[in-house]
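**Student:** File upload.txt follows (compact mmCIF, C-alpha atoms):
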# COMPACT_ATOMS: atom_id res chain seq x y z
CA MET A 1 121.37 198.04 29.67
CA THR A 2 122.84 197.36 33.01
CA THR A 3 123.56 193.81 34.35
CA ALA A 4 123.07 192.66 37.93
CA PRO A 5 126.26 192.14 39.86
CA LYS A 6 127.23 188.44 40.52
CA ILE A 7 127.80 187.23 44.05
CA LYS A 8 130.93 185.19 44.44
CA THR A 9 130.72 182.25 46.85
CA LEU A 10 133.69 181.46 49.08
CA ILE A 11 133.35 177.69 48.59
CA SER A 12 131.84 176.00 45.61
CA GLY A 13 129.57 172.89 45.71
CA ARG A 14 132.42 170.57 45.03
CA GLY A 15 134.50 172.27 47.70
CA LEU A 16 131.67 171.96 50.23
CA LEU A 17 131.42 168.23 49.59
CA GLY A 18 135.13 167.89 50.12
CA VAL A 19 134.99 169.77 53.42
CA PHE A 20 132.14 167.52 54.64
CA LEU A 21 134.11 164.42 53.85
CA LEU A 22 137.14 165.78 55.69
CA LEU A 23 135.04 166.51 58.79
CA LEU A 24 133.44 163.06 58.65
CA LEU A 25 136.80 161.34 58.50
CA ALA A 26 138.13 163.44 61.34
CA VAL A 27 135.21 162.42 63.59
CA SER A 28 134.88 158.77 62.64
CA VAL A 29 138.47 157.61 62.69
CA PRO A 30 139.09 158.00 66.48
CA GLY A 31 135.77 156.23 67.31
CA ALA A 32 136.51 153.44 64.94
CA THR A 33 139.87 152.96 66.51
CA SER A 34 138.43 152.72 70.05
CA ASP A 35 135.67 150.26 68.95
CA ALA A 36 138.18 147.95 67.34
CA THR A 37 140.22 147.98 70.50
CA ALA A 38 137.18 147.04 72.66
CA ILE A 39 136.17 144.21 70.33
CA ASN A 40 139.63 142.71 70.38
CA ALA A 41 139.74 142.90 74.21
CA SER A 42 136.36 141.19 74.56
CA ARG A 43 137.39 138.40 72.19
CA SER A 44 140.56 137.78 74.11
CA SER A 45 138.74 137.71 77.47
CA SER A 46 136.02 135.34 76.15
CA SER A 47 138.60 133.00 74.73
CA ASP A 48 140.41 132.90 78.09
CA GLY A 49 137.23 132.31 80.18
CA ASN A 50 135.66 129.65 77.91
CA ALA A 51 138.72 127.57 77.20
CA ASN A 52 137.59 124.76 79.56
CA VAL A 53 134.03 124.80 78.25
CA ASN A 54 135.23 124.43 74.72
CA ALA A 55 137.46 121.54 75.79
CA LEU A 56 134.52 119.80 77.48
CA ASP A 57 132.38 120.32 74.41
CA ARG A 58 135.05 118.92 72.14
CA LEU A 59 135.60 115.98 74.50
CA HIS A 60 131.89 115.22 74.75
CA ALA A 61 131.51 115.44 70.97
CA SER A 62 134.43 113.13 70.34
CA LEU A 63 133.25 110.53 72.90
CA PHE A 64 129.54 110.37 72.08
CA LEU A 65 129.39 111.27 68.39
CA ASN A 66 128.37 107.75 67.30
CA TYR A 67 127.29 106.47 70.74
CA ASP A 68 124.27 104.18 71.18
CA LYS A 69 123.08 104.07 74.79
CA HIS A 70 121.04 100.92 74.12
CA LEU A 71 124.10 98.77 73.40
CA GLN A 72 126.18 97.27 76.18
CA PRO A 73 129.75 98.63 76.09
CA LEU A 74 132.74 96.43 75.35
CA ASP A 75 135.84 95.80 77.40
CA LYS A 76 138.72 94.06 75.60
CA GLY A 77 136.36 92.97 72.87
CA GLU A 78 133.82 91.34 75.21
CA PRO A 79 130.69 92.63 76.98
CA ALA A 80 131.76 94.75 79.91
CA THR A 81 131.57 93.20 83.37
CA VAL A 82 129.47 95.17 85.81
CA SER A 83 130.80 95.42 89.37
CA MET A 84 128.39 96.36 92.11
CA ALA A 85 128.70 97.13 95.82
CA LEU A 86 125.89 97.77 98.28
CA THR A 87 125.96 100.35 101.07
CA ILE A 88 123.05 100.06 103.51
CA ASN A 89 121.73 103.17 105.22
CA PHE A 90 118.61 101.92 107.04
CA ILE A 91 116.52 98.76 107.37
CA ASP A 92 113.08 97.97 108.74
CA ILE A 93 111.09 94.73 108.97
CA ASP A 94 107.32 94.42 108.70
CA GLU A 95 106.52 91.32 110.78
CA LEU A 96 102.84 91.15 109.84
CA ASN A 97 103.52 91.03 106.08
CA GLY A 98 106.92 89.31 106.21
CA LYS A 99 108.80 92.06 104.34
CA MET A 100 112.11 93.86 104.79
CA THR A 101 112.60 97.42 103.51
CA THR A 102 116.18 98.51 102.82
CA HIS A 103 117.39 102.04 102.10
CA CYS A 104 120.77 101.77 100.37
CA TRP A 105 123.25 103.09 97.80
CA LEU A 106 124.37 101.05 94.79
CA ASN A 107 128.01 101.51 93.76
CA ILE A 108 128.00 100.35 90.11
CA ARG A 109 131.11 100.32 87.88
CA TRP A 110 131.83 99.16 84.32
CA MET A 111 134.45 99.74 81.62
CA ASP A 112 134.04 101.02 78.04
CA GLU A 113 137.13 100.69 75.88
CA LEU A 114 135.80 103.20 73.35
CA ARG A 115 135.36 106.01 75.86
CA THR A 116 138.97 106.86 76.66
CA TRP A 117 141.01 109.99 75.98
CA GLN A 118 144.31 111.68 76.70
CA PRO A 119 143.91 114.40 79.33
CA GLN A 120 146.72 116.48 77.74
CA GLU A 121 144.65 116.98 74.60
CA TYR A 122 141.68 118.36 76.54
CA GLU A 123 143.08 120.83 79.07
CA ASN A 124 144.02 118.01 81.51
CA ILE A 125 140.42 116.92 82.03
CA THR A 126 140.49 113.51 83.72
CA ALA A 127 136.76 112.96 84.48
CA ILE A 128 133.42 114.27 83.32
CA HIS A 129 129.89 114.11 84.76
CA LEU A 130 127.08 112.70 82.65
CA HIS A 131 123.36 112.23 83.11
CA ALA A 132 122.37 108.61 83.58
CA SER A 133 119.63 109.04 80.96
CA GLU A 134 122.14 109.80 78.15
CA ILE A 135 124.42 106.79 78.66
CA TRP A 136 124.04 103.02 78.88
CA THR A 137 123.26 101.83 82.42
CA PRO A 138 122.59 98.28 83.62
CA GLN A 139 118.93 97.61 84.40
CA ILE A 140 119.37 96.59 88.03
CA LYS A 141 116.34 94.84 89.54
CA LEU A 142 115.42 93.17 92.81
CA PHE A 143 114.47 89.60 91.94
CA ASN A 144 112.68 88.81 95.21
CA ALA A 145 110.80 92.11 95.28
CA ALA A 146 107.62 92.40 97.34
CA GLY A 147 104.99 94.79 96.09
CA GLU A 148 104.06 96.56 92.88
CA ASP A 149 106.99 98.99 92.90
CA GLU A 150 109.85 96.56 93.36
CA SER A 151 112.55 99.22 93.39
CA PHE A 152 113.08 102.94 93.53
CA LEU A 153 116.21 104.17 91.74
CA VAL A 154 117.03 107.88 91.53
CA ASP A 155 118.35 109.16 88.17
CA THR A 156 121.63 110.55 89.46
CA GLN A 157 124.68 111.60 87.48
CA ALA A 158 127.45 109.23 86.48
CA ILE A 159 131.19 109.85 86.32
CA LEU A 160 133.38 108.85 83.36
CA THR A 161 137.16 108.81 83.82
CA HIS A 162 139.77 109.16 81.06
CA GLU A 163 140.54 105.43 81.46
CA GLY A 164 137.04 104.55 80.24
CA GLN A 165 135.54 103.60 83.64
CA PHE A 166 131.96 104.55 84.46
CA LEU A 167 130.85 105.06 88.07
CA TRP A 168 127.15 105.31 88.90
CA VAL A 169 125.97 105.61 92.52
CA PRO A 170 122.16 105.76 92.64
CA PRO A 171 120.18 105.56 95.91
CA ALA A 172 117.62 102.77 96.08
CA VAL A 173 114.75 101.60 98.28
CA TYR A 174 114.19 97.84 98.13
CA THR A 175 111.32 95.88 99.69
CA ALA A 176 111.92 92.13 99.69
CA TYR A 177 110.14 89.11 101.09
CA CYS A 178 111.70 87.63 104.21
CA ASN A 179 111.09 84.22 105.77
CA LEU A 180 110.59 85.20 109.41
CA ASN A 181 111.22 82.91 112.36
CA MET A 182 109.36 84.31 115.36
CA ILE A 183 109.92 81.43 117.80
CA ASN A 184 112.34 83.38 120.01
CA TRP A 185 110.42 86.66 119.80
CA PRO A 186 111.23 89.27 121.12
CA TYR A 187 114.86 88.06 121.40
CA ASP A 188 114.88 86.87 117.82
CA GLU A 189 117.34 87.12 114.94
CA GLN A 190 116.04 87.30 111.39
CA THR A 191 117.95 86.36 108.23
CA CYS A 192 116.75 88.13 105.08
CA LYS A 193 118.12 88.12 101.54
CA LEU A 194 118.31 90.69 98.74
CA LYS A 195 118.69 89.20 95.26
CA ILE A 196 119.88 92.12 93.12
CA GLY A 197 120.88 91.66 89.49
CA SER A 198 120.07 92.44 85.87
CA TRP A 199 118.02 90.47 83.34
CA GLY A 200 120.18 91.61 80.43
CA VAL A 201 123.66 91.48 81.96
CA SER A 202 125.14 88.05 82.53
CA HIS A 203 128.51 89.33 83.77
CA ILE A 204 128.02 90.93 87.18
CA ASN A 205 130.10 90.49 90.30
CA ALA A 206 130.57 91.97 93.74
CA ASP A 207 132.91 94.95 93.80
CA TYR A 208 135.53 93.57 96.18
CA ASP A 209 138.54 94.95 94.31
CA LYS A 210 137.43 98.56 94.25
CA SER A 211 135.65 99.07 97.57
CA GLY A 212 137.24 96.30 99.63
CA LYS A 213 133.94 94.48 100.12
CA GLY A 214 130.66 94.17 98.30
CA LEU A 215 128.48 94.91 101.34
CA ASP A 216 128.91 97.81 103.73
CA TYR A 217 126.62 98.51 106.69
CA ASP A 218 129.03 100.09 109.18
CA GLY A 219 127.69 103.58 108.56
CA ALA A 220 124.03 102.60 108.59
CA MET A 221 121.61 104.69 110.61
CA GLN A 222 120.67 102.86 113.80
CA SER A 223 117.13 101.57 113.69
CA THR A 224 114.97 101.87 116.78
CA GLU A 225 114.29 98.13 116.75
CA TRP A 226 116.78 96.32 114.50
CA GLN A 227 120.56 96.04 114.36
CA ILE A 228 122.62 94.38 111.62
CA VAL A 229 124.96 91.84 113.18
CA LYS A 230 126.23 89.97 110.11
CA GLY A 231 126.22 90.24 106.33
CA SER A 232 127.57 88.24 103.40
CA THR A 233 127.57 88.35 99.59
CA GLN A 234 127.31 85.50 97.08
CA PHE A 235 127.38 85.59 93.28
CA VAL A 236 124.70 83.38 91.69
CA PRO A 237 125.24 82.79 87.95
CA GLN A 238 122.43 81.70 85.66
CA ASP A 239 122.14 80.90 81.95
CA TYR A 240 120.75 84.20 80.74
CA TYR A 241 121.15 86.38 83.81
CA SER A 242 122.99 86.52 87.11
CA TYR A 243 122.50 88.26 90.40
CA LEU A 244 124.17 89.02 93.71
CA GLU A 245 122.61 87.55 96.84
CA TYR A 246 123.12 89.76 99.88
CA THR A 247 122.33 87.96 103.14
CA LEU A 248 121.64 90.13 106.19
CA THR A 249 121.29 88.87 109.76
CA VAL A 250 119.53 91.38 111.98
CA GLN A 251 118.85 91.24 115.71
CA ARG A 252 115.94 92.83 117.51
CA ARG A 253 116.57 95.39 120.21
CA SER A 254 114.53 93.94 123.10
CA ASN A 255 115.11 96.30 125.99
CA MET A 256 111.57 97.65 125.99
CA TYR A 257 109.96 94.21 125.73
CA THR A 258 111.50 93.21 129.06
CA ALA A 259 109.38 95.81 130.86
CA ILE A 260 106.26 95.22 128.76
CA ILE A 261 106.13 91.42 128.60
CA TYR A 262 108.44 89.68 131.05
CA THR A 263 107.88 91.82 134.15
CA PRO A 264 104.07 91.27 134.03
CA ALA A 265 104.65 87.54 133.42
CA SER A 266 106.67 87.24 136.63
CA CYS A 267 103.93 89.11 138.51
CA PHE A 268 101.27 86.73 137.17
CA VAL A 269 103.21 83.68 138.31
CA THR A 270 103.89 85.16 141.76
CA LEU A 271 100.24 86.04 142.36
CA ALA A 272 99.04 82.67 141.08
CA LEU A 273 101.35 80.81 143.49
CA SER A 274 100.70 83.09 146.46
CA ALA A 275 96.98 82.30 146.26
CA PHE A 276 97.73 78.76 147.49
CA TRP A 277 99.00 80.13 150.80
CA LEU A 278 95.74 81.79 151.74
CA PRO A 279 93.60 79.94 154.34
CA PRO A 280 91.38 77.21 152.87
CA HIS A 281 88.14 78.91 153.86
CA MET A 282 89.12 81.98 151.77
CA GLY A 283 88.34 80.16 148.57
CA GLY A 284 86.26 83.04 147.23
CA GLU A 285 89.23 85.39 147.36
CA LYS A 286 91.43 82.79 145.66
CA ILE A 287 88.93 82.31 142.83
CA MET A 288 88.65 86.08 142.40
CA ILE A 289 92.46 86.45 142.13
CA ASN A 290 92.64 83.67 139.55
CA GLY A 291 89.77 85.20 137.59
CA LEU A 292 91.44 88.62 137.41
CA LEU A 293 94.73 87.02 136.34
CA MET A 294 92.95 85.06 133.61
CA ILE A 295 91.41 88.26 132.23
CA VAL A 296 94.78 90.05 132.13
CA VAL A 297 96.57 87.09 130.53
CA ALA A 298 93.82 86.83 127.90
CA SER A 299 94.30 90.55 127.16
CA PHE A 300 98.01 89.94 126.60
CA LEU A 301 97.21 87.11 124.20
CA MET A 302 94.93 89.42 122.22
CA TYR A 303 97.76 91.99 122.13
CA PHE A 304 100.13 89.35 120.75
CA ALA A 305 97.58 88.39 118.11
CA GLN A 306 97.47 92.00 116.87
CA LEU A 307 101.25 92.43 117.01
CA LEU A 308 102.58 89.16 115.61
CA PRO A 309 101.88 87.39 112.32
CA VAL A 310 100.15 84.04 112.13
CA LEU A 311 102.95 81.61 111.25
CA ALA A 312 102.50 77.85 110.90
CA ASN A 313 104.64 75.77 113.31
CA LYS A 314 106.50 78.88 114.42
CA THR A 315 104.47 80.14 117.35
CA PRO A 316 106.57 82.42 119.58
CA LEU A 317 107.57 80.82 122.86
CA VAL A 318 106.29 83.85 124.77
CA VAL A 319 102.81 83.24 123.38
CA VAL A 320 103.10 79.57 124.36
CA PHE A 321 104.07 80.61 127.90
CA TYR A 322 101.10 82.97 128.26
CA SER A 323 98.62 80.45 126.84
CA ALA A 324 100.00 77.75 129.18
CA THR A 325 99.69 80.20 132.08
CA LEU A 326 96.05 80.75 131.18
CA LEU A 327 95.48 76.99 131.22
CA LEU A 328 97.26 76.58 134.58
CA LEU A 329 95.17 79.37 136.08
CA SER A 330 92.04 77.54 134.97
CA ILE A 331 93.26 74.33 136.64
CA SER A 332 94.19 76.31 139.75
CA THR A 333 90.64 77.67 139.92
CA ILE A 334 89.25 74.13 139.84
CA VAL A 335 91.64 73.13 142.63
CA GLU A 336 90.55 76.10 144.74
CA VAL A 337 86.91 75.16 144.29
CA ALA A 338 87.71 71.68 145.61
CA VAL A 339 89.69 73.12 148.54
CA LEU A 340 86.83 75.45 149.39
CA TYR A 341 84.42 72.51 149.43
CA LEU A 342 86.69 70.44 151.68
CA SER A 343 87.12 73.23 154.20
CA THR A 344 83.57 74.61 154.40
CA ALA A 345 81.23 71.69 153.76
CA LYS A 346 79.63 70.04 156.80
CA HIS A 347 81.22 66.61 156.82
CA LYS A 348 79.70 63.75 158.85
CA ARG A 349 82.50 61.31 158.24
CA ARG A 350 86.02 61.51 159.43
CA VAL A 351 89.07 61.73 157.18
CA PRO A 352 90.27 58.24 156.14
CA ASP A 353 92.97 56.81 158.39
CA CYS A 354 95.49 56.48 155.58
CA LEU A 355 95.27 60.21 154.89
CA LYS A 356 95.43 61.02 158.57
CA LYS A 357 98.68 59.07 158.89
CA LEU A 358 100.15 61.05 155.98
CA LEU A 359 99.02 64.38 157.41
CA HIS A 360 100.46 63.58 160.86
CA GLY A 361 103.62 61.99 159.49
CA LYS A 362 106.62 63.23 157.53
CA LEU A 363 104.49 64.54 154.71
CA GLY A 364 102.72 66.84 157.12
CA SER A 365 106.08 68.09 158.39
CA TRP A 366 107.28 68.78 154.84
CA LEU A 367 104.06 70.65 154.11
CA LEU A 368 104.45 72.78 157.28
CA LEU A 369 101.28 71.41 158.90
CA SER A 370 102.80 71.07 162.40
CA HIS A 371 101.19 74.32 163.51
CA PHE A 372 97.75 72.99 162.64
CA ARG A 373 98.45 69.69 164.42
CA SER A 374 99.49 71.53 167.59
CA GLU A 375 96.18 73.35 167.60
CA ALA A 376 94.39 70.00 167.28
CA GLU A 377 96.36 68.57 170.18
CA GLN A 378 95.50 71.62 172.29
CA GLN A 379 91.83 71.02 171.58
CA LYS A 380 92.25 67.35 172.50
CA ASP A 381 93.93 68.29 175.80
CA LYS A 382 91.12 70.66 176.58
CA SER A 383 88.58 67.90 175.99
CA LYS A 384 90.52 65.59 178.37
CA GLU A 385 90.53 68.27 181.07
CA MET A 386 86.82 68.67 180.68
CA ASP A 387 86.36 64.89 181.08
CA GLU A 388 88.45 64.84 184.23
CA GLN A 389 86.41 67.66 185.70
CA LEU A 390 83.26 65.70 184.93
CA TYR A 391 84.57 62.57 186.72
CA GLU A 392 85.63 64.60 189.78
CA ASN A 393 82.19 66.07 190.11
CA ASP A 394 80.17 64.00 192.61
CA ASP A 395 76.86 65.09 191.18
CA TYR A 396 77.78 63.86 187.73
CA ASP A 397 76.42 60.47 186.69
CA GLN A 398 79.29 58.34 185.34
CA SER A 399 76.88 56.14 183.41
CA GLU A 400 76.32 59.10 181.08
CA THR A 401 80.04 59.27 180.24
CA LEU A 402 80.01 55.70 179.12
CA ASP A 403 77.20 56.50 176.72
CA ILE A 404 78.96 59.60 175.26
CA ASN A 405 82.44 58.03 174.90
CA PRO A 406 84.15 61.31 173.80
CA THR A 407 87.49 59.67 173.14
CA GLU A 408 86.07 57.47 170.36
CA VAL A 409 83.30 59.64 168.93
CA PRO A 410 84.78 63.00 167.83
CA THR A 411 82.76 66.14 167.78
CA SER A 412 81.66 67.83 164.54
CA ARG A 413 84.22 70.57 165.17
CA ALA A 414 87.05 68.04 165.28
CA ILE A 415 85.80 66.42 162.08
CA GLN A 416 85.65 69.81 160.39
CA PHE A 417 89.17 70.60 161.54
CA GLU A 418 90.49 67.36 160.01
CA TRP A 419 88.95 68.20 156.66
CA SER A 420 90.33 71.73 156.83
CA LEU A 421 93.76 70.23 157.51
CA LEU A 422 93.36 68.05 154.42
CA ALA A 423 92.33 71.10 152.35
CA THR A 424 95.45 72.93 153.54
CA ALA A 425 97.57 69.98 152.51
CA VAL A 426 95.98 70.03 149.04
CA ASP A 427 96.87 73.73 148.77
CA ARG A 428 100.50 73.09 149.74
CA VAL A 429 100.87 70.16 147.34
CA SER A 430 99.29 72.23 144.55
CA PHE A 431 101.75 75.06 145.32
CA LEU A 432 104.69 72.70 144.87
CA ALA A 433 103.26 71.16 141.70
CA PHE A 434 102.45 74.51 140.10
CA SER A 435 105.83 75.96 141.08
CA LEU A 436 107.60 73.08 139.38
CA THR A 437 105.36 73.42 136.32
CA PHE A 438 106.00 77.15 135.98
CA LEU A 439 109.74 76.57 136.38
CA ILE A 440 109.82 73.94 133.62
CA LEU A 441 107.63 76.13 131.43
CA ALA A 442 109.94 79.12 131.91
CA ILE A 443 113.01 77.04 131.03
CA VAL A 444 111.41 75.58 127.92
CA CYS A 445 110.08 78.93 126.74
CA ARG A 446 113.26 80.78 127.83
CA VAL A 447 111.27 83.39 129.71
What's the structure tokens form of this structure?

**Tutor:**
Amino acid sequence: MTTAPKIKTLISGRGLLGVFLLLLLAVSVPGATSDATAINASRSSSSDGNANVNALDRLHASLFLNYDKHLQPLDKGEPATVSMALTINFIDIDELNGKMTTHCWLNIRWMDELRTWQPQEYENITAIHLHASEIWTPQIKLFNAAGEDESFLVDTQAILTHEGQFLWVPPAVYTAYCNLNMINWPYDEQTCKLKIGSWGVSHINADYDKSGKGLDYDGAMQSTEWQIVKGSTQFVPQDYYSYLEYTLTVQRRSNMYTAIIYTPASCFVTLALSAFWLPPHMGGEKIMINGLLMIVVASFLMYFAQLLPVLANKTPLVVVFYSATLLLLSISTIVEVAVLYLSTAKHKRRVPDCLKKLLHGKLGSWLLLSHFRSEAEQQKDKSKEMDEQLYENDDYDQSETLDINPTEVPTSRAIQFEWSLLATAVDRVSFLAFSLTFLILAIVCRV
């Protein structure tokens, strides 16, 4: 019985497994070597790039591990003193409501003896930036605030130095009440106060040592109407709180008001006085001029009422001047009505002798009435010439001249001329009286 021939394999099962392992080692060892090299390089690069970040993290953890932002920090075992300086950027005053709005920066500093470190231990870090919401900050308020939102503080970042000093510079918008004095409007100066402090901090003072002064307005944006001319700071301590009182003196820029208010006022006065130099019989034109001026002055008074607040015992002098001008124009209209009556009415009686002596004396010369008297004398000379011609006429009966007696009984035209001369004198005297009144009024009201 024949047996089948056996086939001999070149490599057995165990040999095949050994070859596979050898191939696997030959392939994997170079790759493993390159991967280890890449990992080590990445670790070294990450450690070099994040050295500062790790130092900041360690510093932040060491400083604020057991930190309570609701507790006031200590300085030399006592509650830290808060120093504050004020930098003003822009101001505006609301005259109608008696309020001053201030756009400013608060420079607030305080010390914390527990928040110090050595810069050498933390990669020479000397200062770090912190959010104001994660640290203790003084609750700064405006004590004389006007309105529902008494202040507007922006949550800006604070700076902490390695010496334990905090610096917080938030911008603020304050609206405070202001006791306005409008007597010298529009050339007025207003003094307003900002009472800024904290209800929970009793130790607060102006930052003179750090910034040189507690109030700075040199770099303020120029307002279109107001300019800061003087400022001062005063610390006001109280039992349970304290505050800083910043006093600002501002002056109004009045260049535009000269053209709007004072130029028309001079025109009103000039027109009112020039009306007295018109002839007496032109009383209608005089009354019309005074009426138009009264309407314009009343319009200005309505404009002032819309522009200025109603203040007790502090009426602006400009308003007093315009209201007095309106009253004087009314009196001038009454005078012109009387002058018109004297010059146009048909008078049957002559002017009293006492008045005639004044009109033909020095008073008439001072009132420039000589021109009118010369016309009267010319008319008198003409009447004498006519009388002489009547006497030279042979046909004329001289008995009639004795009945007429023209030298003692003046004609109606001569009587009318005397009354017109008196009306002119009233106009001239009124001009002098009103000129003096306007001058005194302008000096008192500083117009």

**Student:** For Leu63 of chain A, list every protein, DNA or RNA residue within 12 Å, evaluated using all atoms listed in the file, and leave out those in the same chain fewer than 2 positions away; present the list as a list in words.

**Tutor:**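 Everything that qualifies: Leu56, Asp57, Arg58, Leu59, His60, Ala61, Leu65, Asn66, Tyr67, Asp68, Asp112, Glu113, Leu114, Arg115, Thr116, Trp117, Gln118, Ile128, Leu130, Ile135, Leu160, Thr161, His162 and Gly164 of chain A.
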
**Student:** How many Å lie between atom CA of Tyr241 of chain A and atom CA of Gln139 of chain A, rounded to one decimal?

**Tutor:**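 Result for atom CA of Tyr241 of chain A versus atom CA of Gln139 of chain A: 11.5 Å, one decimal.
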
**Student:** Given the point (124.5, 90.5, 101.0) in the coordinates of this file, which residues lie within 12 Å, counting all atoms listed in the file, and how would they look as a ChimeraX atom specification?

**Tutor:** /A:84-88,102,104,191-196,206-207,213-217,228,230-236,243-249

**Student:** Please determine, counting only C-alpha atoms, which residue among A:Val429, A:Ala132, A:Met100, A:Met111 has the shortest atom-to-atom distance to Thr175 of chain A.

**Tutor:**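 Result for the nearest residue to Thr175 of chain A: A:Met100.
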
**Student:** Env of segment 419-427 of chain A: 8 Å cut, atoms = only C-alpha atoms, seq-sep filter 3 positions within chain, self excluded. Answer as a PyMOL selection string.

**Tutor:** chain A and resi 276-277+279-280+336+339-340+342-344+347+350-351+359+364+367+369+372+415-416+430-431

**Student:** Which neighbours of Val310 of chain A fall inside 12 Å, counting only C-alpha atoms, when residues of the same chain fewer than 2 positions from it are skipped, and could you give them as a ChimeraX atom specification?

**Tutor:** /A:95-98,180-183,304-308,312-316,319

**Student:** Using only C-alpha atoms, pick whichever of A:Phe434, A:Tyr262, A:Tyr122, A:Tyr257 has the shortest atom-to-atom distance to Ser274 of chain A.

**Tutor:**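 Looking at the shortest contact to Ser274 of chain A, the residue is A:Phe434.
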
**Student:** Would you compute the distance between atom CA of Lys141 of chain A and atom CA of Ser198 of chain A? Give it in Å to one decimal.

**Tutor:** 5.8 Å

**Student:** Would you compute the distance between atom CA of Val337 of chain A and atom CA of Trp366 of chain A? Give it in Å to one decimal.

**Tutor:**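 Calculated distance between atom CA of Val337 of chain A and atom CA of Trp366 of chain A is 23.8 Å.
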
**Student:** For Leu273 of chain A, work out the shell of residues within 12 Å, counting all atoms listed in the file and skipping chain neighbours fewer than 2 positions away, then give it as a ChimeraX atom specification.

**Tutor:** /A:266-271,275-278,286,289-290,293,325,328-329,332-333,336,427-439

**Student:** Which one is closest to Asn89 of chain A: A:Arg252, A:Arg109, A:His70, A:His103? Count all atoms listed in the file.

**Tutor:**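 For Asn89 of chain A, the nearest of the given residues is A:His103.
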
**Student:** Given all atoms listed in the file as the basis, pick out the residue of A:Ser133, A:Tyr174, A:Asn107, A:Trp199 nearest to Gln157 of chain A.

**Tutor:**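 Using all atoms listed in the file, the shortest distance to Gln157 of chain A belongs to A:Ser133.
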
**Student:** Taking into account all atoms listed in the file, which residue in the set A:Tyr177, A:Ile331, A:Ala414, A:Glu163 is nearest to Phe143 of chain A?

**Tutor:**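 Checking each of A:Tyr177, A:Ile331, A:Ala414, A:Glu163 against Phe143 of chain A, counting all atoms listed in the file, the winner is A:Tyr177.
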